[in-house]
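Peer 1: Supplied in C-alpha cells, the structure appears directly below.
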Amino acid sequence: MLDIKLFRDQPDMVKEALNKRSIDSSVVKRVIELDLNRRELLQEVESLKHQKNDQSAKIGEMARKGEDISKIRETMRVVSDSISDGNDKVRSIQEELNDLLLDLPNLPDKSVPYGESEEDNPVKKTWGDVSKMEFPPLSHIELGEKNNMIDFDRGVKIAGNKFVMLRGKGAILARKLQNMMLENAGKRGYTELAVPFIAKRSTLLGSGQLPKFEDDLYKLDGEDSFLIPTGEVPLINTRAGEIIPTSELPIKITAVTSCFRREAGAAGKETRGLIRVHQFEKVELVRLTKPEESWDALEEMLEDAESILKKLKIPYRVITLCTADLTAFTSSKTYDIEVWFPSMNKYVEISSVSNCIDFQARRANIKYRDDNKKLKFVHTLNGSGVAVGRCMASLMENRQRADGSLDLDDIL
RNA sequence: GGAGAGGUGACCGAGUGGUUGAAGGUGCUCGCCUGCUAAGCGAGUGAGUGGUUUAUCCCGCUCCGGGAGUUCGAAUCUCCCCCUCUCCGCCA
C-alpha cells in the first residue's frame, strides 16, 4: 500500500510513477479528492465528539450531585445522532479510499530503467556457456518421458490439465534440488522455516495478492482461505502486526513450499511441460530489513539466488525489469534471473528478486524502532531461490547427451 | 466436533457504566547515590489519526481480540465472530 502522504505532498510524482505502470491519473486525482474530503468531514465529526465528551463528563458530575439532567440529556442525544451520521459518511469515504489504495501497485524506484515492453529489459549480466550443442537438443518434455522421469499423462489423470507427476529419478532429482537449495540458503544465513500452504484472506492482503488477484488463487470451498501462490505469502506474514526488535534485523528466512496458481489468463499456453503448471515447488528467500539497508540487500539476494545456479552449472542471465515489465504488484524494483533452455534456444524466467520497500510492510503492519526510537515500517524483499520445476527442466536440457540420456551423476 | 476458562500497553497484571489512556509491578530512558557489580532513590516512558508546526512543542479524536447494539456516557452491559488455554471425542 502506498503512503497517503505521497499523494498529498507529491501528487505529480505519484501520477507520473503510476503512469509508468499504466495507471490512469484520474485514480490519483480521486484519491486526493477523497482524502481531502475525509479530512474535512473528520474535523467536523471530531469537534462534535469533543462536545459530547465534554458534556458527558458534566452530566456525570451533575448526576452525582443529584441535579436534573433530563434536559441536557435530550440535547446530547441529538448530538450523538449527528455524530453517528458523520461517522457513517467518514467511513464510506474511508472505504472507497482504502479500496483504491489497496488496488494500486507499488511505485517503480528511480533506478528502474524506462521501457516500452519486455524487449527493453536491460541485461545486467550473463553467466555460463550457451553455445550450440553438437546435436539437436531435446526438450525437457521429451527427455522427461524418454528417461521415465516425468509422467505428464498421469498427472493430468489425477488432477487435470497442467498438473504433473514425477517418477523415479525425476522425483528424486526434484527432492535433491530442493534440498540443495535449502542447504545453500542456510549457508547464506537464512533460517529455514516449514510453513502452512494455506493462508487466510488477511494474510494474502498483507503480502499484496489480495484483493486484486483473487482470480489467480485457489480458494477453499466454504472457507475464507486460499492455497498459497508462493512461499512469499507465509514468509512475509510471519511478522505481520509485529514490532520487530531492532536487534533482530535483518531477518533472513527461507522455506520450500508448493505454490498453487490458477493461471487464469494463461489457458492454452504451454499446455505441456514443467514451465507453466498449477502446482509447483519453490524455495523462497525473504528478508526484512531497515529501510536504509534494503537496496544493498536486494543485490545480495540476487547473488543468493544466482549461487545455486552456479553450483548446478546452469547458464543464466539477469535482467532488470524495465518500467513496462515491472508487473510484480508489490515491487519497487525487480531482477529476473532467466536460465537457458537449449531446446527453445532462449532464456526462461526461474527467479524474481524484488525489493518491495515499505509497500508490504504497510499492508501487513510490520514495524521496528529506528535510532530515534520512532516506529517505522521495515522494508521487505523476496526472491525465488529458485523454482524447482523450472530449474529441473533447464538442468535436464543442459545436461543431455546425444543419445537422450542425462548426465546427472553429481546430483543424483 | 462437544464442554469450560480466558483475550487489557514491550511484558505481567488490576479494573464497581461517568476526572481510566487506563492502578500496581517488570522492563526501558534520564538524573542522583554507592570505590567496581548488585541494590537504592527521583522523574519519565503506548499507538493510530487530524489540526498547527514540521527537529520539536501544543490541541483534538480514536483505540482495552474484531464487529454490531443499549446509553447523554462502555474496558466495564447485550449479541455475533475470531483466537488462546484446559478437558472430552476424532485422527496421520
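Residues are named by chain letter and number: chains run A, B, ... in the order of the C-alpha cells, numbers start at 1 in each chain, and ligands are numbered from 1 in the order shown.
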Within 10 Å of chain A, which residues of chain B show up when using only C-alpha atoms (C1' of nucleotides), listed as a ChimeraX atom specification?

Peer 2: /B:10,18-19,47,49-51,60-62,71-73

Peer 1: Excluding same-chain residues fewer than 4 positions from G42 (chain B), what lies within 12 Å of it counting only C-alpha atoms (C1' of nucleotides), as a PyMOL selection string?

Peer 2: chain B and resi 30-33

Peer 1: Got time to write the residues from that selection, C-alpha atoms (C1' of nucleotides), as an mmCIF file, in the first residue's frame?

Peer 2:
```
data_model
loop_
_atom_site.group_PDB
_atom_site.id
_atom_site.type_symbol
_atom_site.label_atom_id
_atom_site.label_comp_id
_atom_site.auth_asym_id
_atom_site.auth_seq_id
_atom_site.Cartn_x
_atom_site.Cartn_y
_atom_site.Cartn_z
ATOM 1 C "C1'" C B 30 17.319 10.136 32.092
ATOM 2 C "C1'" G B 31 19.149 12.056 36.790
ATOM 3 C "C1'" C B 32 21.032 11.230 41.944
ATOM 4 C "C1'" C B 33 23.656 7.983 45.176
#
```

Peer 1: For the structure I just gave you, how does DSSP split region 116-339 of chain A - specifically, which residues are alpha helix (DSSP H)? Reply as a ChimeraX atom specification.

Peer 2: /A:140-146,152-159,169-187,201-207,232-237,294-312

Peer 1: Skipping near chain neighbours, those fewer than 2 positions away, what residues fall within 12 Å of Arg38 (chain A) using only C-alpha atoms (C1' of nucleotides), listed as a ChimeraX atom specification?

Peer 2: /A:30-36,40-46,86-98 /B:49-50

Peer 1: Do you know which residues are at most 7 Å from region 253-262 of chain A counting only C-alpha atoms (C1' of nucleotides), after dropping those on the same chain fewer than 4 positions away, and could you put them as a ChimeraX atom specification?

Peer 2: /A:190-194,197,216-218,227-231,278-287

Peer 1: Taking 2 positions as the minimum chain separation for residues in the same chain, which residues sit within 8 Å of Ala174 (chain A) when counting only C-alpha atoms (C1' of nucleotides)? Answer as a PyMOL selection string.

Peer 2: chain A and resi 170-172+176-178+388-389+392

Peer 1: Just the selected residues (all heavy atoms), exported as a PDB file, in the first residue's frame, please.

Peer 2:
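Once written, result_8.pdb looks like this:
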```
ATOM      1  N   GLY A 170      13.171 -38.754 -11.598  1.00  0.00           N
ATOM      2  CA  GLY A 170      12.591 -37.413 -11.711  1.00  0.00           C
ATOM      3  C   GLY A 170      12.196 -36.887 -10.351  1.00  0.00           C
ATOM      4  O   GLY A 170      12.517 -35.762  -9.976  1.00  0.00           O
ATOM      5  N   ALA A 171      11.473 -37.717  -9.597  1.00  0.00           N
ATOM      6  CA  ALA A 171      11.044 -37.320  -8.252  1.00  0.00           C
ATOM      7  C   ALA A 171      12.253 -37.126  -7.347  1.00  0.00           C
ATOM      8  O   ALA A 171      12.313 -36.184  -6.553  1.00  0.00           O
ATOM      9  CB  ALA A 171      10.105 -38.374  -7.668  1.00  0.00           C
ATOM     10  N   ILE A 172      13.228 -38.002  -7.505  1.00  0.00           N
ATOM     11  CA  ILE A 172      14.430 -37.907  -6.663  1.00  0.00           C
ATOM     12  C   ILE A 172      15.213 -36.649  -6.988  1.00  0.00           C
ATOM     13  O   ILE A 172      15.675 -35.930  -6.090  1.00  0.00           O
ATOM     14  CB  ILE A 172      15.322 -39.159  -6.853  1.00  0.00           C
ATOM     15  CG1 ILE A 172      14.585 -40.389  -6.314  1.00  0.00           C
ATOM     16  CG2 ILE A 172      16.659 -38.979  -6.149  1.00  0.00           C
ATOM     17  CD1 ILE A 172      15.224 -41.716  -6.683  1.00  0.00           C
ATOM     18  N   LYS A 176      16.267 -33.725  -4.457  1.00  0.00           N
ATOM     19  CA  LYS A 176      17.656 -33.337  -4.201  1.00  0.00           C
ATOM     20  C   LYS A 176      17.886 -31.858  -4.504  1.00  0.00           C
ATOM     21  O   LYS A 176      18.655 -31.195  -3.803  1.00  0.00           O
ATOM     22  CB  LYS A 176      18.584 -34.197  -5.067  1.00  0.00           C
ATOM     23  CG  LYS A 176      18.465 -35.676  -4.748  1.00  0.00           C
ATOM     24  CD  LYS A 176      19.769 -36.276  -4.323  1.00  0.00           C
ATOM     25  CE  LYS A 176      19.500 -37.640  -3.696  1.00  0.00           C
ATOM     26  NZ  LYS A 176      20.700 -38.478  -3.597  1.00  0.00           N
ATOM     27  N   LEU A 177      17.245 -31.394  -5.546  1.00  0.00           N
ATOM     28  CA  LEU A 177      17.406 -29.979  -5.885  1.00  0.00           C
ATOM     29  C   LEU A 177      16.863 -29.093  -4.766  1.00  0.00           C
ATOM     30  O   LEU A 177      17.511 -28.126  -4.342  1.00  0.00           O
ATOM     31  CB  LEU A 177      16.685 -29.662  -7.201  1.00  0.00           C
ATOM     32  CG  LEU A 177      17.363 -30.173  -8.474  1.00  0.00           C
ATOM     33  CD1 LEU A 177      16.474 -29.909  -9.689  1.00  0.00           C
ATOM     34  CD2 LEU A 177      18.725 -29.520  -8.670  1.00  0.00           C
ATOM     35  N   GLN A 178      15.685 -29.430  -4.291  1.00  0.00           N
ATOM     36  CA  GLN A 178      15.092 -28.690  -3.173  1.00  0.00           C
ATOM     37  C   GLN A 178      16.053 -28.638  -2.004  1.00  0.00           C
ATOM     38  O   GLN A 178      16.282 -27.598  -1.389  1.00  0.00           O
ATOM     39  CB  GLN A 178      13.845 -29.407  -2.659  1.00  0.00           C
ATOM     40  CG  GLN A 178      12.593 -29.070  -3.382  1.00  0.00           C
ATOM     41  CD  GLN A 178      11.417 -29.850  -2.802  1.00  0.00           C
ATOM     42  OE1 GLN A 178      11.406 -30.178  -1.629  1.00  0.00           O
ATOM     43  NE2 GLN A 178      10.452 -30.141  -3.642  1.00  0.00           N
ATOM     44  N   VAL A 388      11.745 -24.960  -8.410  1.00  0.00           N
ATOM     45  CA  VAL A 388      12.335 -26.290  -8.552  1.00  0.00           C
ATOM     46  C   VAL A 388      12.034 -26.905  -9.926  1.00  0.00           C
ATOM     47  O   VAL A 388      12.929 -27.425 -10.594  1.00  0.00           O
ATOM     48  CB  VAL A 388      11.835 -27.229  -7.431  1.00  0.00           C
ATOM     49  CG1 VAL A 388      12.369 -28.648  -7.634  1.00  0.00           C
ATOM     50  CG2 VAL A 388      12.260 -26.691  -6.075  1.00  0.00           C
ATOM     51  N   GLY A 389      10.789 -26.838 -10.352  1.00  0.00           N
ATOM     52  CA  GLY A 389      10.399 -27.467 -11.620  1.00  0.00           C
ATOM     53  C   GLY A 389      11.139 -26.880 -12.807  1.00  0.00           C
ATOM     54  O   GLY A 389      11.698 -27.609 -13.639  1.00  0.00           O
ATOM     55  N   MET A 392      14.756 -27.825 -12.697  1.00  0.00           N
ATOM     56  CA  MET A 392      14.962 -29.204 -13.111  1.00  0.00           C
ATOM     57  C   MET A 392      14.861 -29.342 -14.629  1.00  0.00           C
ATOM     58  O   MET A 392      15.660 -30.026 -15.261  1.00  0.00           O
ATOM     59  CB  MET A 392      13.899 -30.069 -12.424  1.00  0.00           C
ATOM     60  CG  MET A 392      13.934 -31.511 -12.820  1.00  0.00           C
ATOM     61  SD  MET A 392      12.895 -32.467 -11.680  1.00  0.00           S
ATOM     62  CE  MET A 392      12.203 -33.637 -12.833  1.00  0.00           C
TER      63      MET A 392
END
```
